[in-house]
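Here's work-v1.cif, which has mmCIF, N, CA and C atoms:
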```cif
data_model
loop_
_atom_site.label_atom_id
_atom_site.label_comp_id
_atom_site.auth_asym_id
_atom_site.auth_seq_id
_atom_site.Cartn_x
_atom_site.Cartn_y
_atom_site.Cartn_z
N MET A 7 15.27 -45.41 -100.12
CA MET A 7 14.53 -44.80 -101.20
C MET A 7 13.05 -45.11 -101.02
N SER A 8 12.25 -44.12 -101.15
CA SER A 8 10.81 -44.34 -101.14
C SER A 8 10.42 -44.89 -102.51
N ASP A 9 9.12 -45.05 -102.73
CA ASP A 9 8.65 -45.54 -104.02
C ASP A 9 9.12 -44.66 -105.16
N SER A 10 9.23 -43.37 -104.90
CA SER A 10 9.63 -42.42 -105.93
C SER A 10 10.56 -41.38 -105.34
N THR A 11 11.68 -41.13 -106.00
CA THR A 11 12.66 -40.16 -105.54
C THR A 11 12.83 -39.10 -106.62
N ILE A 12 12.73 -37.83 -106.25
CA ILE A 12 12.90 -36.73 -107.20
C ILE A 12 14.38 -36.40 -107.32
N LEU A 13 14.88 -36.28 -108.53
CA LEU A 13 16.26 -35.89 -108.77
C LEU A 13 16.30 -34.41 -109.12
N ALA A 14 17.37 -33.74 -108.75
CA ALA A 14 17.50 -32.31 -109.00
C ALA A 14 17.40 -31.95 -110.47
N GLU A 15 17.78 -32.86 -111.34
CA GLU A 15 17.82 -32.57 -112.78
C GLU A 15 16.45 -32.62 -113.44
N GLY A 16 15.37 -32.78 -112.69
CA GLY A 16 14.05 -32.86 -113.31
C GLY A 16 13.65 -34.27 -113.66
N TYR A 17 14.27 -35.24 -113.03
CA TYR A 17 13.96 -36.64 -113.23
C TYR A 17 13.65 -37.27 -111.89
N GLU A 18 12.93 -38.37 -111.91
CA GLU A 18 12.65 -39.09 -110.68
C GLU A 18 12.87 -40.57 -110.89
N ILE A 19 13.22 -41.25 -109.81
CA ILE A 19 13.45 -42.69 -109.83
C ILE A 19 12.33 -43.34 -109.04
N SER A 20 11.78 -44.43 -109.60
CA SER A 20 10.68 -45.11 -108.94
C SER A 20 10.85 -46.63 -109.03
N THR A 21 10.39 -47.31 -107.99
CA THR A 21 10.37 -48.78 -108.00
C THR A 21 8.98 -49.31 -108.31
N ASP A 22 8.08 -48.46 -108.70
CA ASP A 22 6.71 -48.86 -109.03
C ASP A 22 6.71 -49.55 -110.39
N ALA A 23 6.59 -50.88 -110.37
CA ALA A 23 6.62 -51.65 -111.63
C ALA A 23 5.47 -51.27 -112.56
N GLY A 24 4.40 -50.74 -112.01
CA GLY A 24 3.27 -50.31 -112.83
C GLY A 24 3.57 -49.13 -113.72
N ARG A 25 4.61 -48.39 -113.40
CA ARG A 25 5.00 -47.24 -114.23
C ARG A 25 5.91 -47.62 -115.39
N LEU A 26 6.46 -48.81 -115.37
CA LEU A 26 7.41 -49.21 -116.41
C LEU A 26 6.78 -49.19 -117.79
N ASP A 27 7.52 -48.67 -118.76
CA ASP A 27 7.13 -48.74 -120.16
C ASP A 27 7.82 -49.99 -120.72
N ILE A 28 7.16 -51.13 -120.56
CA ILE A 28 7.76 -52.42 -120.92
C ILE A 28 8.17 -52.47 -122.38
N GLU A 29 7.36 -51.88 -123.25
CA GLU A 29 7.71 -51.86 -124.68
C GLU A 29 9.03 -51.12 -124.90
N ARG A 30 9.18 -50.00 -124.25
CA ARG A 30 10.41 -49.20 -124.39
C ARG A 30 11.61 -49.96 -123.82
N VAL A 31 11.44 -50.52 -122.63
CA VAL A 31 12.53 -51.27 -122.00
C VAL A 31 12.94 -52.43 -122.90
N HIS A 32 11.97 -53.15 -123.42
CA HIS A 32 12.29 -54.27 -124.31
C HIS A 32 13.03 -53.78 -125.56
N ARG A 33 12.56 -52.70 -126.15
CA ARG A 33 13.21 -52.16 -127.35
C ARG A 33 14.65 -51.76 -127.04
N TRP A 34 14.85 -51.03 -125.95
CA TRP A 34 16.21 -50.62 -125.57
C TRP A 34 17.12 -51.84 -125.47
N LEU A 35 16.70 -52.80 -124.66
CA LEU A 35 17.57 -53.94 -124.36
C LEU A 35 17.75 -54.86 -125.55
N SER A 36 16.68 -55.18 -126.25
CA SER A 36 16.78 -56.18 -127.32
C SER A 36 17.43 -55.65 -128.58
N THR A 37 17.53 -54.32 -128.72
CA THR A 37 18.13 -53.77 -129.94
C THR A 37 19.43 -52.99 -129.70
N ASP A 38 19.70 -52.60 -128.44
CA ASP A 38 20.85 -51.71 -128.22
C ASP A 38 21.74 -52.10 -127.05
N ALA A 39 21.41 -53.10 -126.29
CA ALA A 39 22.22 -53.50 -125.14
C ALA A 39 22.96 -54.79 -125.49
N TYR A 40 24.29 -54.73 -125.53
CA TYR A 40 25.08 -55.87 -126.02
C TYR A 40 24.74 -57.18 -125.30
N TRP A 41 24.35 -57.11 -124.05
CA TRP A 41 24.08 -58.33 -123.28
C TRP A 41 22.68 -58.90 -123.52
N ALA A 42 21.81 -58.15 -124.20
CA ALA A 42 20.42 -58.60 -124.36
C ALA A 42 19.93 -58.51 -125.80
N ILE A 43 20.82 -58.32 -126.76
CA ILE A 43 20.41 -58.22 -128.16
C ILE A 43 19.57 -59.45 -128.54
N GLY A 44 18.41 -59.18 -129.10
CA GLY A 44 17.54 -60.25 -129.55
C GLY A 44 16.68 -60.88 -128.47
N ARG A 45 16.75 -60.37 -127.24
CA ARG A 45 15.92 -60.94 -126.17
C ARG A 45 14.45 -60.84 -126.55
N ALA A 46 13.73 -61.93 -126.40
CA ALA A 46 12.30 -61.97 -126.74
C ALA A 46 11.49 -61.14 -125.75
N ARG A 47 10.40 -60.56 -126.24
CA ARG A 47 9.54 -59.73 -125.39
C ARG A 47 9.01 -60.54 -124.20
N ASP A 48 8.57 -61.76 -124.43
CA ASP A 48 8.03 -62.56 -123.33
C ASP A 48 9.10 -62.88 -122.29
N LYS A 49 10.34 -63.03 -122.73
CA LYS A 49 11.46 -63.27 -121.80
C LYS A 49 11.71 -62.01 -120.97
N GLN A 50 11.59 -60.84 -121.60
CA GLN A 50 11.76 -59.58 -120.86
C GLN A 50 10.65 -59.41 -119.83
N GLU A 51 9.43 -59.72 -120.22
CA GLU A 51 8.31 -59.60 -119.29
C GLU A 51 8.48 -60.55 -118.11
N GLN A 52 8.97 -61.73 -118.38
CA GLN A 52 9.22 -62.70 -117.31
C GLN A 52 10.31 -62.19 -116.37
N ALA A 53 11.35 -61.60 -116.93
CA ALA A 53 12.44 -61.04 -116.11
C ALA A 53 11.93 -59.90 -115.23
N VAL A 54 11.12 -59.03 -115.79
CA VAL A 54 10.54 -57.91 -115.03
C VAL A 54 9.68 -58.45 -113.89
N ALA A 55 8.86 -59.44 -114.18
CA ALA A 55 7.95 -59.99 -113.18
C ALA A 55 8.69 -60.62 -111.99
N GLY A 56 9.87 -61.15 -112.23
CA GLY A 56 10.63 -61.82 -111.18
C GLY A 56 11.71 -60.96 -110.54
N SER A 57 11.65 -59.65 -110.77
CA SER A 57 12.72 -58.77 -110.31
C SER A 57 12.19 -57.55 -109.58
N LEU A 58 13.09 -56.89 -108.87
CA LEU A 58 12.85 -55.57 -108.32
C LEU A 58 13.27 -54.60 -109.41
N ASN A 59 12.35 -53.75 -109.87
CA ASN A 59 12.60 -52.88 -111.03
C ASN A 59 12.71 -51.42 -110.62
N PHE A 60 13.60 -50.71 -111.30
CA PHE A 60 13.80 -49.28 -111.08
C PHE A 60 13.65 -48.57 -112.42
N GLY A 61 12.85 -47.54 -112.44
CA GLY A 61 12.70 -46.72 -113.64
C GLY A 61 13.09 -45.29 -113.32
N VAL A 62 13.67 -44.62 -114.29
CA VAL A 62 13.93 -43.18 -114.19
C VAL A 62 12.98 -42.51 -115.17
N TYR A 63 12.31 -41.45 -114.70
CA TYR A 63 11.27 -40.80 -115.49
C TYR A 63 11.48 -39.30 -115.52
N ASP A 64 11.15 -38.70 -116.65
CA ASP A 64 11.12 -37.25 -116.76
C ASP A 64 9.99 -36.77 -115.86
N SER A 65 10.30 -35.86 -114.94
CA SER A 65 9.31 -35.39 -113.96
C SER A 65 8.14 -34.65 -114.58
N VAL A 66 8.34 -34.04 -115.74
CA VAL A 66 7.27 -33.28 -116.39
C VAL A 66 6.42 -34.17 -117.28
N SER A 67 7.05 -34.88 -118.20
CA SER A 67 6.29 -35.69 -119.17
C SER A 67 5.93 -37.07 -118.64
N GLY A 68 6.66 -37.56 -117.66
CA GLY A 68 6.45 -38.91 -117.16
C GLY A 68 7.11 -39.97 -118.00
N GLU A 69 7.77 -39.57 -119.08
CA GLU A 69 8.41 -40.51 -119.99
C GLU A 69 9.56 -41.24 -119.29
N GLN A 70 9.63 -42.56 -119.48
CA GLN A 70 10.72 -43.33 -118.91
C GLN A 70 11.98 -43.10 -119.73
N VAL A 71 13.11 -42.84 -119.03
CA VAL A 71 14.37 -42.55 -119.71
C VAL A 71 15.50 -43.49 -119.31
N ALA A 72 15.27 -44.34 -118.30
CA ALA A 72 16.30 -45.30 -117.89
C ALA A 72 15.65 -46.44 -117.12
N TYR A 73 16.40 -47.52 -116.99
CA TYR A 73 15.87 -48.72 -116.36
C TYR A 73 17.00 -49.51 -115.71
N ALA A 74 16.67 -50.21 -114.63
CA ALA A 74 17.56 -51.20 -114.02
C ALA A 74 16.69 -52.21 -113.31
N ARG A 75 17.19 -53.42 -113.22
CA ARG A 75 16.47 -54.41 -112.44
C ARG A 75 17.45 -55.16 -111.54
N VAL A 76 16.89 -55.70 -110.47
CA VAL A 76 17.69 -56.41 -109.48
C VAL A 76 17.02 -57.75 -109.21
N VAL A 77 17.80 -58.81 -109.28
CA VAL A 77 17.35 -60.13 -108.89
C VAL A 77 17.90 -60.35 -107.48
N THR A 78 17.00 -60.55 -106.52
CA THR A 78 17.45 -60.62 -105.14
C THR A 78 16.49 -61.40 -104.25
N ASP A 79 17.03 -61.91 -103.14
CA ASP A 79 16.20 -62.51 -102.10
C ASP A 79 15.92 -61.50 -100.98
N LEU A 80 16.48 -60.29 -101.11
CA LEU A 80 16.35 -59.22 -100.11
C LEU A 80 16.82 -59.64 -98.72
N ALA A 81 17.73 -60.63 -98.69
CA ALA A 81 18.28 -61.08 -97.41
C ALA A 81 19.79 -61.23 -97.46
N THR A 82 20.29 -61.86 -98.54
CA THR A 82 21.73 -62.15 -98.57
C THR A 82 22.44 -61.71 -99.85
N PHE A 83 21.70 -61.60 -100.96
CA PHE A 83 22.37 -61.44 -102.24
C PHE A 83 21.51 -60.67 -103.24
N ALA A 84 22.16 -59.96 -104.13
CA ALA A 84 21.46 -59.28 -105.23
C ALA A 84 22.35 -59.27 -106.47
N TRP A 85 21.71 -59.32 -107.61
CA TRP A 85 22.38 -59.21 -108.91
C TRP A 85 21.76 -58.02 -109.62
N LEU A 86 22.57 -57.00 -109.87
CA LEU A 86 22.12 -55.80 -110.60
C LEU A 86 22.33 -56.06 -112.08
N CYS A 87 21.28 -55.86 -112.87
CA CYS A 87 21.39 -56.15 -114.29
C CYS A 87 20.47 -55.25 -115.11
N ASP A 88 20.63 -55.34 -116.41
CA ASP A 88 19.80 -54.60 -117.37
C ASP A 88 19.77 -53.10 -117.11
N VAL A 89 20.88 -52.55 -116.68
CA VAL A 89 20.97 -51.10 -116.46
C VAL A 89 21.12 -50.43 -117.82
N TYR A 90 20.19 -49.53 -118.12
CA TYR A 90 20.19 -48.88 -119.43
C TYR A 90 19.66 -47.45 -119.30
N VAL A 91 20.38 -46.52 -119.93
CA VAL A 91 19.96 -45.11 -119.99
C VAL A 91 19.75 -44.76 -121.46
N ASP A 92 18.60 -44.18 -121.76
CA ASP A 92 18.29 -43.78 -123.13
C ASP A 92 19.42 -42.88 -123.65
N PRO A 93 19.92 -43.13 -124.86
CA PRO A 93 20.99 -42.31 -125.42
C PRO A 93 20.69 -40.81 -125.43
N ALA A 94 19.42 -40.43 -125.55
CA ALA A 94 19.05 -39.00 -125.60
C ALA A 94 19.32 -38.26 -124.30
N VAL A 95 19.45 -38.99 -123.19
CA VAL A 95 19.66 -38.32 -121.90
C VAL A 95 20.96 -38.73 -121.22
N ARG A 96 21.81 -39.44 -121.93
CA ARG A 96 23.11 -39.82 -121.36
C ARG A 96 23.96 -38.58 -121.13
N GLY A 97 24.84 -38.67 -120.16
CA GLY A 97 25.73 -37.55 -119.84
C GLY A 97 25.16 -36.61 -118.78
N LYS A 98 24.00 -36.95 -118.23
CA LYS A 98 23.36 -36.11 -117.21
C LYS A 98 23.51 -36.69 -115.81
N GLY A 99 24.27 -37.77 -115.69
CA GLY A 99 24.45 -38.40 -114.39
C GLY A 99 23.32 -39.33 -113.98
N LEU A 100 22.41 -39.62 -114.90
CA LEU A 100 21.27 -40.46 -114.55
C LEU A 100 21.66 -41.90 -114.27
N GLY A 101 22.64 -42.41 -114.99
CA GLY A 101 23.09 -43.78 -114.75
C GLY A 101 23.68 -43.93 -113.36
N THR A 102 24.53 -42.99 -112.99
CA THR A 102 25.11 -43.02 -111.65
C THR A 102 24.02 -42.87 -110.59
N ALA A 103 23.11 -41.92 -110.79
CA ALA A 103 22.02 -41.72 -109.83
C ALA A 103 21.17 -42.98 -109.69
N LEU A 104 20.94 -43.67 -110.79
CA LEU A 104 20.15 -44.89 -110.77
C LEU A 104 20.85 -45.98 -109.97
N VAL A 105 22.13 -46.17 -110.22
CA VAL A 105 22.89 -47.20 -109.50
C VAL A 105 22.98 -46.87 -108.01
N VAL A 106 23.17 -45.60 -107.68
CA VAL A 106 23.20 -45.18 -106.27
C VAL A 106 21.84 -45.44 -105.63
N ALA A 107 20.75 -45.17 -106.34
CA ALA A 107 19.41 -45.42 -105.80
C ALA A 107 19.19 -46.90 -105.55
N VAL A 108 19.66 -47.74 -106.44
CA VAL A 108 19.57 -49.19 -106.25
C VAL A 108 20.34 -49.57 -104.98
N ARG A 109 21.58 -49.12 -104.89
CA ARG A 109 22.41 -49.41 -103.72
C ARG A 109 21.71 -48.97 -102.43
N ASP A 110 21.23 -47.75 -102.41
CA ASP A 110 20.60 -47.21 -101.21
C ASP A 110 19.30 -47.91 -100.87
N HIS A 111 18.57 -48.36 -101.88
CA HIS A 111 17.33 -49.09 -101.65
C HIS A 111 17.61 -50.45 -100.99
N LEU A 112 18.70 -51.08 -101.40
CA LEU A 112 19.04 -52.42 -100.90
C LEU A 112 19.80 -52.38 -99.57
N LEU A 113 20.46 -51.30 -99.28
CA LEU A 113 21.31 -51.19 -98.08
C LEU A 113 20.60 -51.60 -96.79
N PRO A 114 19.40 -51.15 -96.51
CA PRO A 114 18.75 -51.51 -95.24
C PRO A 114 18.43 -53.00 -95.08
N HIS A 115 18.50 -53.76 -96.15
CA HIS A 115 18.16 -55.19 -96.08
C HIS A 115 19.31 -56.04 -95.56
N GLY A 116 20.49 -55.47 -95.41
CA GLY A 116 21.62 -56.20 -94.86
C GLY A 116 22.20 -57.26 -95.77
N LEU A 117 22.10 -57.06 -97.08
CA LEU A 117 22.67 -58.02 -98.03
C LEU A 117 24.18 -58.12 -97.83
N ARG A 118 24.72 -59.27 -98.14
CA ARG A 118 26.17 -59.43 -98.06
C ARG A 118 26.87 -58.80 -99.26
N ARG A 119 26.21 -58.89 -100.43
CA ARG A 119 26.83 -58.32 -101.64
C ARG A 119 25.82 -58.10 -102.74
N ILE A 120 26.17 -57.19 -103.62
CA ILE A 120 25.45 -56.97 -104.87
C ILE A 120 26.49 -57.20 -105.96
N LEU A 121 26.18 -58.06 -106.89
CA LEU A 121 27.09 -58.32 -108.01
C LEU A 121 26.51 -57.74 -109.29
N LEU A 122 27.36 -57.54 -110.25
CA LEU A 122 26.96 -57.12 -111.59
C LEU A 122 28.06 -57.50 -112.55
N ALA A 123 27.75 -57.43 -113.82
CA ALA A 123 28.74 -57.65 -114.87
C ALA A 123 28.63 -56.48 -115.83
N THR A 124 29.78 -55.99 -116.28
CA THR A 124 29.78 -54.90 -117.25
C THR A 124 30.99 -55.03 -118.16
N HIS A 125 30.80 -54.62 -119.37
CA HIS A 125 31.88 -54.62 -120.35
C HIS A 125 32.55 -53.25 -120.41
N ASP A 126 31.76 -52.19 -120.19
CA ASP A 126 32.29 -50.86 -120.48
C ASP A 126 31.86 -49.74 -119.53
N ALA A 127 31.18 -50.06 -118.43
CA ALA A 127 30.68 -48.99 -117.56
C ALA A 127 31.25 -49.07 -116.15
N HIS A 128 32.46 -49.53 -116.03
CA HIS A 128 33.10 -49.67 -114.72
C HIS A 128 33.10 -48.36 -113.94
N GLY A 129 33.33 -47.25 -114.62
CA GLY A 129 33.39 -45.95 -113.95
C GLY A 129 32.07 -45.55 -113.33
N VAL A 130 30.97 -45.85 -113.99
CA VAL A 130 29.64 -45.54 -113.46
C VAL A 130 29.43 -46.30 -112.15
N TYR A 131 29.74 -47.58 -112.16
CA TYR A 131 29.51 -48.41 -110.98
C TYR A 131 30.49 -48.09 -109.86
N ALA A 132 31.71 -47.73 -110.21
CA ALA A 132 32.70 -47.38 -109.19
C ALA A 132 32.23 -46.17 -108.37
N LYS A 133 31.53 -45.24 -108.99
CA LYS A 133 31.03 -44.07 -108.27
C LYS A 133 30.04 -44.45 -107.18
N ALA A 134 29.43 -45.63 -107.31
CA ALA A 134 28.48 -46.10 -106.30
C ALA A 134 29.13 -47.09 -105.33
N GLY A 135 30.44 -47.30 -105.47
CA GLY A 135 31.17 -48.16 -104.55
C GLY A 135 31.50 -49.55 -105.05
N PHE A 136 31.09 -49.90 -106.26
CA PHE A 136 31.42 -51.21 -106.81
C PHE A 136 32.90 -51.26 -107.14
N GLU A 137 33.48 -52.43 -107.00
CA GLU A 137 34.88 -52.64 -107.35
C GLU A 137 35.05 -54.03 -107.95
N ALA A 138 36.18 -54.25 -108.58
CA ALA A 138 36.45 -55.56 -109.18
C ALA A 138 36.48 -56.61 -108.07
N LEU A 139 36.15 -57.85 -108.43
CA LEU A 139 36.18 -58.93 -107.46
C LEU A 139 37.59 -59.08 -106.88
N GLU A 140 37.66 -59.18 -105.57
CA GLU A 140 38.95 -59.34 -104.90
C GLU A 140 39.58 -60.69 -105.22
N LYS A 141 38.74 -61.72 -105.29
CA LYS A 141 39.23 -63.07 -105.57
C LYS A 141 38.37 -63.70 -106.67
N PRO A 142 38.56 -63.25 -107.91
CA PRO A 142 37.71 -63.76 -108.99
C PRO A 142 37.84 -65.26 -109.21
N ASP A 143 38.96 -65.84 -108.77
CA ASP A 143 39.15 -67.26 -108.96
C ASP A 143 38.19 -68.10 -108.11
N ARG A 144 37.49 -67.48 -107.18
CA ARG A 144 36.51 -68.19 -106.36
C ARG A 144 35.13 -68.25 -107.03
N TRP A 145 34.93 -67.48 -108.08
CA TRP A 145 33.62 -67.38 -108.72
C TRP A 145 33.58 -68.27 -109.95
N MET A 146 32.43 -68.86 -110.17
CA MET A 146 32.23 -69.70 -111.33
C MET A 146 30.88 -69.36 -111.95
N ALA A 147 30.70 -69.78 -113.17
CA ALA A 147 29.43 -69.56 -113.87
C ALA A 147 29.06 -70.82 -114.63
N LEU A 148 27.78 -71.09 -114.68
CA LEU A 148 27.25 -72.17 -115.49
C LEU A 148 26.56 -71.52 -116.68
N ILE A 149 27.08 -71.73 -117.87
CA ILE A 149 26.55 -71.13 -119.09
C ILE A 149 25.73 -72.19 -119.82
N PHE A 150 24.41 -72.06 -119.75
CA PHE A 150 23.54 -73.05 -120.34
C PHE A 150 23.75 -73.20 -121.85
N GLU A 151 24.07 -72.12 -122.54
CA GLU A 151 24.30 -72.19 -123.99
C GLU A 151 25.43 -73.17 -124.31
N LYS A 152 26.43 -73.23 -123.45
CA LYS A 152 27.54 -74.15 -123.67
C LYS A 152 27.14 -75.61 -123.47
N LEU A 153 26.06 -75.81 -122.73
CA LEU A 153 25.55 -77.16 -122.51
C LEU A 153 24.55 -77.56 -123.58
N GLY A 154 24.24 -76.62 -124.46
CA GLY A 154 23.26 -76.88 -125.51
C GLY A 154 21.82 -76.73 -125.04
N ALA A 155 21.65 -76.08 -123.89
CA ALA A 155 20.29 -75.90 -123.35
C ALA A 155 20.07 -74.43 -123.07
N ALA A 156 19.45 -73.74 -123.98
CA ALA A 156 19.15 -72.32 -123.75
C ALA A 156 17.81 -72.07 -124.24
#
```

As structure tokens:
Amino acid sequence: MSDSTILAEGYEISTDAGRLDIERVHRWLSTDAYWAIGRARDKQEQAVAGSLNFGVYDSVSGEQVAYARVVTDLATFAWLCDVYVDPAVRGKGLGTALVVAVRDHLLPHGLRRILLATHDAHGVYAKAGFEALEKPDRWMALIFEKLGAA
């Protein structure tokens, strides 16, 4: 993927962090995304600054309509997170196109894997080749909230 990819539907995907509408992204995630409800604006800005960001934009108005970010070393591993499509444009295939663009952008780097977590969008990710963990018993998580440090 180049810096900006035009989609047939009149939308384009870009990795240019300067185009991000941070206020909109924060509003989407902190008020409507189950995994980020209540996330502070400064925490969102910090996450954006430390990530590879993807925005989907209306090609005519330039308005941002979707977002995803990737935490990665661009060598061995990536974590796809904060994938969100504005409710007004859902059902147009933008979520799938966004996930495919992320996959294709990372493919040349030779990563071993891209991980993600989802409660309800398995079908979207499956279209891009994601599948359930083959051996989930090998994976662990450290939840800071459970340690009383968040």

| query | Which parts of stretch 12-81 of chain A does DSSP call alpha helix (DSSP H) when run on the backbone here, written out as number ranges by chain? | reply | A: 28-38, 47-55

| Contacts of stretch 23-26 of chain A at 8 Å (only N, CA and C atoms; same-chain gap of 2+ positions) as number ranges by chain | A: 20-21, 28-31, 54, 58-61, 70

| field | Shortest interatomic distance to A:Arg47 - which of A:Arg33, A:Lys152, A:Leu117, A:Lys98, counting only C-alpha atoms | value | A:Arg33

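Distances here use all atoms listed in the file; by that measure, the residue among A:Tyr17, A:Trp145, A:Trp85, A:Tyr40 closest to A:Val62 is A:Tyr17.
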
| task | Quick one: everything within 8 Å of A:Thr102, counting only N, CA and C atoms, minus sequence neighbours fewer than 5 positions away in the same chain. Send it as a list in words. | result |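 Everything that qualifies: Ala107, Val108, Gly129, Val130, Tyr131, Lys133 and Ala134 of chain A.
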
| query | Rounded to one decimal in Å, what is the spacing between atom CA of A:Ala39 and atom CA of A:Val105? | reply | 16.9 Å
